Amino acid sequence: MTNTQLRGESPAEPDTDAGRRRKAALAKAFSLAADEYDEANGAFFNPIGARLARLAGLRPGDRVLDIGCGRGAVLFAALAEVGREGYVVGVDLADGMVRATAAQAAGRGLRNVCVRIDDAEDLGFPDGSFEAALSSFAVIFTPDPAAALASVHRVLVPGGRFGFTAFGADEPGWERPRAALNAFLPPEAARLRQSRAARFNPLGRSPEEAAQLLHRAGFTDVRAVEHCAVTHYPDAAAWWRSQRAGGWRGLLEAIPAERLDEARAAALASLAPLAGPDGSLVRRTAIRYTTALRD
């Protein structure tokens with residue numbers, strides 16, 4: 001299996017126009033952020049991916065699917081767990097992420113890695129292709145989580161392991177920058193503003209909702225644990241760079257270019273109460289890790 005393989009066909013479309021638009025927006029935003037993503041945000045995402053791989057109990061020789069692989073936070077950690085006898089396939093809707101991560105794998109000379117475009121809701125693999133499927137901050141965004149879980153269930157072997165991450169509670173005050181940026185959105189984008197909870201599907205909202213969906217999809221032994229991720233920013237400008245290179249890229253792209261500097265200043269000003277005497281920022285975010293077994 002080569003590490004630069006791309007799927008020939010386009011990802012399957014969801015049933016609704018809203019779902020298609022959401023997927024297209026996510027793919028565009030993360031493709032735009034791909035080149036800067038790991039440098040700006042790897043210190044946050046890579047340890048989380050490594051913890052998820054450990055919690056999933058991967059074994060040497062396992063075949064692993066990384067759904068929403070991004071720049072490989074889970075993919076490369078999983079590869080270290082399964083060794084040369086196993087292999088890891090990373091899939092993502094964002095072609096920019098796929099190309100950058102495939103190039104990274106090729107640069108490392110890895111032969112048991114594949115990175116390709118695919119859709120969590122309609123995975124293009126035969127039944128029972130993997131011993132484990134992992135997804136860090138990806139399945140929580142998919143418009144149809146029930147379809148995604150059915151697809152994951154299908155590609156796992158009986159007894160296969162599924163694990164994913166979601167955001168838990170954030171420290172008070174970190175909602176201010178998004179509120180500041182929302183004020184600069186044009187009317188057609190402002191109506192799409194969502195609360196933090198509404199941005200996620202039930203898999204990302206609460207452990208109880210996630211467990212219900214998992215049980216309905218045929219998963220058992222559902223377990224959820226939380227760990228605190230601590231992020232250090234030397235100054236507010238470093239925080240801004242991380243947002244431009246991450247999931248907020250879509251929001252920032254919706255702000256008119258002539259107002260972006262003003263929006264940036266407003267967002268940075270909103271962080272001032274959170275800064276230390278030297279201007280640095282420390283953010284503590286609860287990360288929820290959920291694991292389950294395919295029946």
# chains A, B, ... in the order shown; residues from 1 in each chain; ligands from 1
>>> residues_around(residues="segment 210-221 of chain A", least_positions_apart="2", cutoff="10 Å", atoms="only C-alpha atoms", output="PyMOL selection string")
chain A and resi 140+145-154+159-162+201-208+223-224+290-295
>>> closest_atom_pairs(of="segment 96-150 of chain A", to="segment 72-86 of chain A", cutoff="12 Å", atoms="only C-alpha atoms", output="JSON lines")
{"residue": "A:Met97", "atom": "CA", "partner": "A:Gly72", "partner_atom": "CA", "distance": 9.0}
{"residue": "A:Val98", "atom": "CA", "partner": "A:Gly72", "partner_atom": "CA", "distance": 9.4}
{"residue": "A:Arg99", "atom": "CA", "partner": "A:Gly72", "partner_atom": "CA", "distance": 11.4}
{"residue": "A:Ala100", "atom": "CA", "partner": "A:Gly72", "partner_atom": "CA", "distance": 9.6}
{"residue": "A:Thr101", "atom": "CA", "partner": "A:Gly72", "partner_atom": "CA", "distance": 6.4}
{"residue": "A:Ala102", "atom": "CA", "partner": "A:Gly72", "partner_atom": "CA", "distance": 9.2}
{"residue": "A:Ala103", "atom": "CA", "partner": "A:Gly72", "partner_atom": "CA", "distance": 11.2}
{"residue": "A:Gln104", "atom": "CA", "partner": "A:Gly72", "partner_atom": "CA", "distance": 8.9}
{"residue": "A:Ala105", "atom": "CA", "partner": "A:Phe76", "partner_atom": "CA", "distance": 8.6}
{"residue": "A:Arg108", "atom": "CA", "partner": "A:Phe76", "partner_atom": "CA", "distance": 10.6}
{"residue": "A:Leu110", "atom": "CA", "partner": "A:Arg84", "partner_atom": "CA", "distance": 9.4}
{"residue": "A:Arg111", "atom": "CA", "partner": "A:Arg84", "partner_atom": "CA", "distance": 8.8}
{"residue": "A:Asn112", "atom": "CA", "partner": "A:Arg84", "partner_atom": "CA", "distance": 7.0}
{"residue": "A:Val113", "atom": "CA", "partner": "A:Leu79", "partner_atom": "CA", "distance": 7.9}
{"residue": "A:Cys114", "atom": "CA", "partner": "A:Leu75", "partner_atom": "CA", "distance": 9.6}
{"residue": "A:Val115", "atom": "CA", "partner": "A:Leu75", "partner_atom": "CA", "distance": 9.3}
{"residue": "A:Phe130", "atom": "CA", "partner": "A:Gly86", "partner_atom": "CA", "distance": 10.3}
{"residue": "A:Glu131", "atom": "CA", "partner": "A:Gly86", "partner_atom": "CA", "distance": 10.0}
{"residue": "A:Ala132", "atom": "CA", "partner": "A:Ala78", "partner_atom": "CA", "distance": 9.8}
{"residue": "A:Ala133", "atom": "CA", "partner": "A:Ala78", "partner_atom": "CA", "distance": 10.1}
{"residue": "A:Leu134", "atom": "CA", "partner": "A:Val74", "partner_atom": "CA", "distance": 7.5}
{"residue": "A:Ser135", "atom": "CA", "partner": "A:Val74", "partner_atom": "CA", "distance": 7.6}
{"residue": "A:Ser136", "atom": "CA", "partner": "A:Val74", "partner_atom": "CA", "distance": 7.0}
{"residue": "A:Phe137", "atom": "CA", "partner": "A:Val74", "partner_atom": "CA", "distance": 10.5}
{"residue": "A:Ala138", "atom": "CA", "partner": "A:Val74", "partner_atom": "CA", "distance": 11.4}
>>> write_last_selection(atoms="C-alpha atoms", output="PDB file, in the first residue's frame")
ATOM      1  CA  MET A  97      -4.734  18.056   4.471  1.00  0.00           C
ATOM      2  CA  VAL A  98      -4.556  14.817   2.486  1.00  0.00           C
ATOM      3  CA  ARG A  99      -1.808  16.092   0.196  1.00  0.00           C
ATOM      4  CA  ALA A 100       0.263  17.631   2.989  1.00  0.00           C
ATOM      5  CA  THR A 101       0.057  14.550   5.210  1.00  0.00           C
ATOM      6  CA  ALA A 102       0.746  12.163   2.325  1.00  0.00           C
ATOM      7  CA  ALA A 103       3.836  14.225   1.477  1.00  0.00           C
ATOM      8  CA  GLN A 104       4.923  14.116   5.113  1.00  0.00           C
ATOM      9  CA  ALA A 105       4.587  10.320   5.190  1.00  0.00           C
ATOM     10  CA  ARG A 108       9.637   9.900   6.232  1.00  0.00           C
ATOM     11  CA  LEU A 110       6.889   5.207   5.414  1.00  0.00           C
ATOM     12  CA  ARG A 111       5.494   2.332   3.367  1.00  0.00           C
ATOM     13  CA  ASN A 112       2.634   1.122   5.599  1.00  0.00           C
ATOM     14  CA  VAL A 113       0.652   4.359   5.491  1.00  0.00           C
ATOM     15  CA  CYS A 114      -2.065   5.462   3.093  1.00  0.00           C
ATOM     16  CA  VAL A 115      -3.693   8.912   3.037  1.00  0.00           C
ATOM     17  CA  PHE A 130      -9.788  -2.677  10.209  1.00  0.00           C
ATOM     18  CA  GLU A 131      -9.137  -3.765  13.770  1.00  0.00           C
ATOM     19  CA  ALA A 132      -9.482  -0.175  14.971  1.00  0.00           C
ATOM     20  CA  ALA A 133     -10.908   3.159  13.820  1.00  0.00           C
ATOM     21  CA  LEU A 134      -9.943   6.430  15.487  1.00  0.00           C
ATOM     22  CA  SER A 135     -11.094  10.014  14.982  1.00  0.00           C
ATOM     23  CA  SER A 136      -9.745  13.041  16.791  1.00  0.00           C
ATOM     24  CA  PHE A 137     -12.072  16.083  16.616  1.00  0.00           C
ATOM     25  CA  ALA A 138     -13.606  14.920  13.318  1.00  0.00           C
TER      26      ALA A 138
END
>>> closest_residue(among="A:Gly173, A:Gly68, A:Pro158, A:Gly279", to="Tyr233 of chain A", atoms="only C-alpha atoms")
A:Gly279
>>> select_by_dssp(residues="segment 98-257 of chain A", states="alpha helix (DSSP H)", output="PyMOL selection string")
chain A and resi 98-107+145-155+176-182+187-190+202-205+207-216+236-244+249-254
>>> closest_residue(among="A:Ser31, A:Ala94, A:Val88, A:Ile255", to="Leu58 of chain A", atoms="only C-alpha atoms")
A:Val88
>>> decode(residues="segment 95-180 of chain A", atoms="C-alpha atoms", output="short mmCIF file (atom, residue, chain, number, x, y, z; two decimals), in the first residue's frame")
data_model
loop_
_atom_site.label_atom_id
_atom_site.label_comp_id
_atom_site.auth_asym_id
_atom_site.auth_seq_id
_atom_site.Cartn_x
_atom_site.Cartn_y
_atom_site.Cartn_z
CA ASP A 95 -7.69 17.68 -0.06
CA GLY A 96 -5.11 20.12 1.31
CA MET A 97 -4.73 18.06 4.47
CA VAL A 98 -4.56 14.82 2.49
CA ARG A 99 -1.81 16.09 0.20
CA ALA A 100 0.26 17.63 2.99
CA THR A 101 0.06 14.55 5.21
CA ALA A 102 0.75 12.16 2.33
CA ALA A 103 3.84 14.22 1.48
CA GLN A 104 4.92 14.12 5.11
CA ALA A 105 4.59 10.32 5.19
CA ALA A 106 6.50 10.02 1.92
CA GLY A 107 9.23 12.27 3.30
CA ARG A 108 9.64 9.90 6.23
CA GLY A 109 9.91 6.93 3.90
CA LEU A 110 6.89 5.21 5.41
CA ARG A 111 5.49 2.33 3.37
CA ASN A 112 2.63 1.12 5.60
CA VAL A 113 0.65 4.36 5.49
CA CYS A 114 -2.06 5.46 3.09
CA VAL A 115 -3.69 8.91 3.04
CA ARG A 116 -6.73 9.59 0.85
CA ILE A 117 -9.90 11.61 0.45
CA ASP A 118 -12.96 9.92 1.91
CA ASP A 119 -16.14 10.66 3.83
CA ALA A 120 -16.85 9.31 7.31
CA GLU A 121 -20.52 8.88 6.42
CA ASP A 122 -19.77 6.57 3.47
CA LEU A 123 -16.32 5.06 3.90
CA GLY A 124 -14.96 3.46 0.75
CA PHE A 125 -13.57 0.26 2.29
CA PRO A 126 -14.82 -3.35 2.32
CA ASP A 127 -16.56 -4.71 5.40
CA GLY A 128 -14.23 -5.73 8.23
CA SER A 129 -11.17 -3.91 6.87
CA PHE A 130 -9.79 -2.68 10.21
CA GLU A 131 -9.14 -3.77 13.77
CA ALA A 132 -9.48 -0.18 14.97
CA ALA A 133 -10.91 3.16 13.82
CA LEU A 134 -9.94 6.43 15.49
CA SER A 135 -11.09 10.01 14.98
CA SER A 136 -9.75 13.04 16.79
CA PHE A 137 -12.07 16.08 16.62
CA ALA A 138 -13.61 14.92 13.32
CA VAL A 139 -16.69 12.70 13.70
CA ILE A 140 -18.07 15.28 16.15
CA PHE A 141 -18.60 17.64 13.18
CA THR A 142 -20.15 15.31 10.62
CA PRO A 143 -23.71 16.34 9.63
CA ASP A 144 -25.05 12.78 9.96
CA PRO A 145 -23.36 11.10 12.93
CA ALA A 146 -25.64 8.05 12.75
CA ALA A 147 -24.51 7.42 9.17
CA ALA A 148 -20.88 7.88 10.20
CA LEU A 149 -21.19 5.37 13.05
CA ALA A 150 -22.91 2.86 10.78
CA SER A 151 -20.07 3.25 8.29
CA VAL A 152 -17.41 2.85 11.00
CA HIS A 153 -19.22 -0.19 12.40
CA ARG A 154 -19.26 -1.79 8.94
CA VAL A 155 -15.53 -1.41 8.23
CA LEU A 156 -14.47 -2.77 11.63
CA VAL A 157 -13.98 -6.47 12.35
CA PRO A 158 -16.20 -7.97 15.10
CA GLY A 159 -14.68 -6.86 18.38
CA GLY A 160 -12.89 -3.98 16.65
CA ARG A 161 -12.17 -0.82 18.61
CA PHE A 162 -13.48 2.67 17.93
CA GLY A 163 -12.19 5.79 19.67
CA PHE A 164 -12.71 9.50 19.21
CA THR A 165 -12.09 12.79 20.96
CA ALA A 166 -14.35 15.75 21.68
CA PHE A 167 -14.01 19.04 23.50
CA GLY A 168 -15.14 19.23 27.09
CA ALA A 169 -15.50 22.37 29.17
CA ASP A 170 -13.25 25.32 28.41
CA GLU A 171 -12.03 27.88 30.92
CA PRO A 172 -14.30 30.93 31.27
CA GLY A 173 -13.39 33.83 29.03
CA TRP A 174 -12.23 31.92 25.97
CA GLU A 175 -15.61 32.38 24.32
CA ARG A 176 -14.96 36.13 24.04
CA PRO A 177 -12.76 36.11 20.91
CA ARG A 178 -15.36 34.26 18.84
CA ALA A 179 -18.07 36.63 20.04
CA ALA A 180 -15.86 39.56 19.04
#
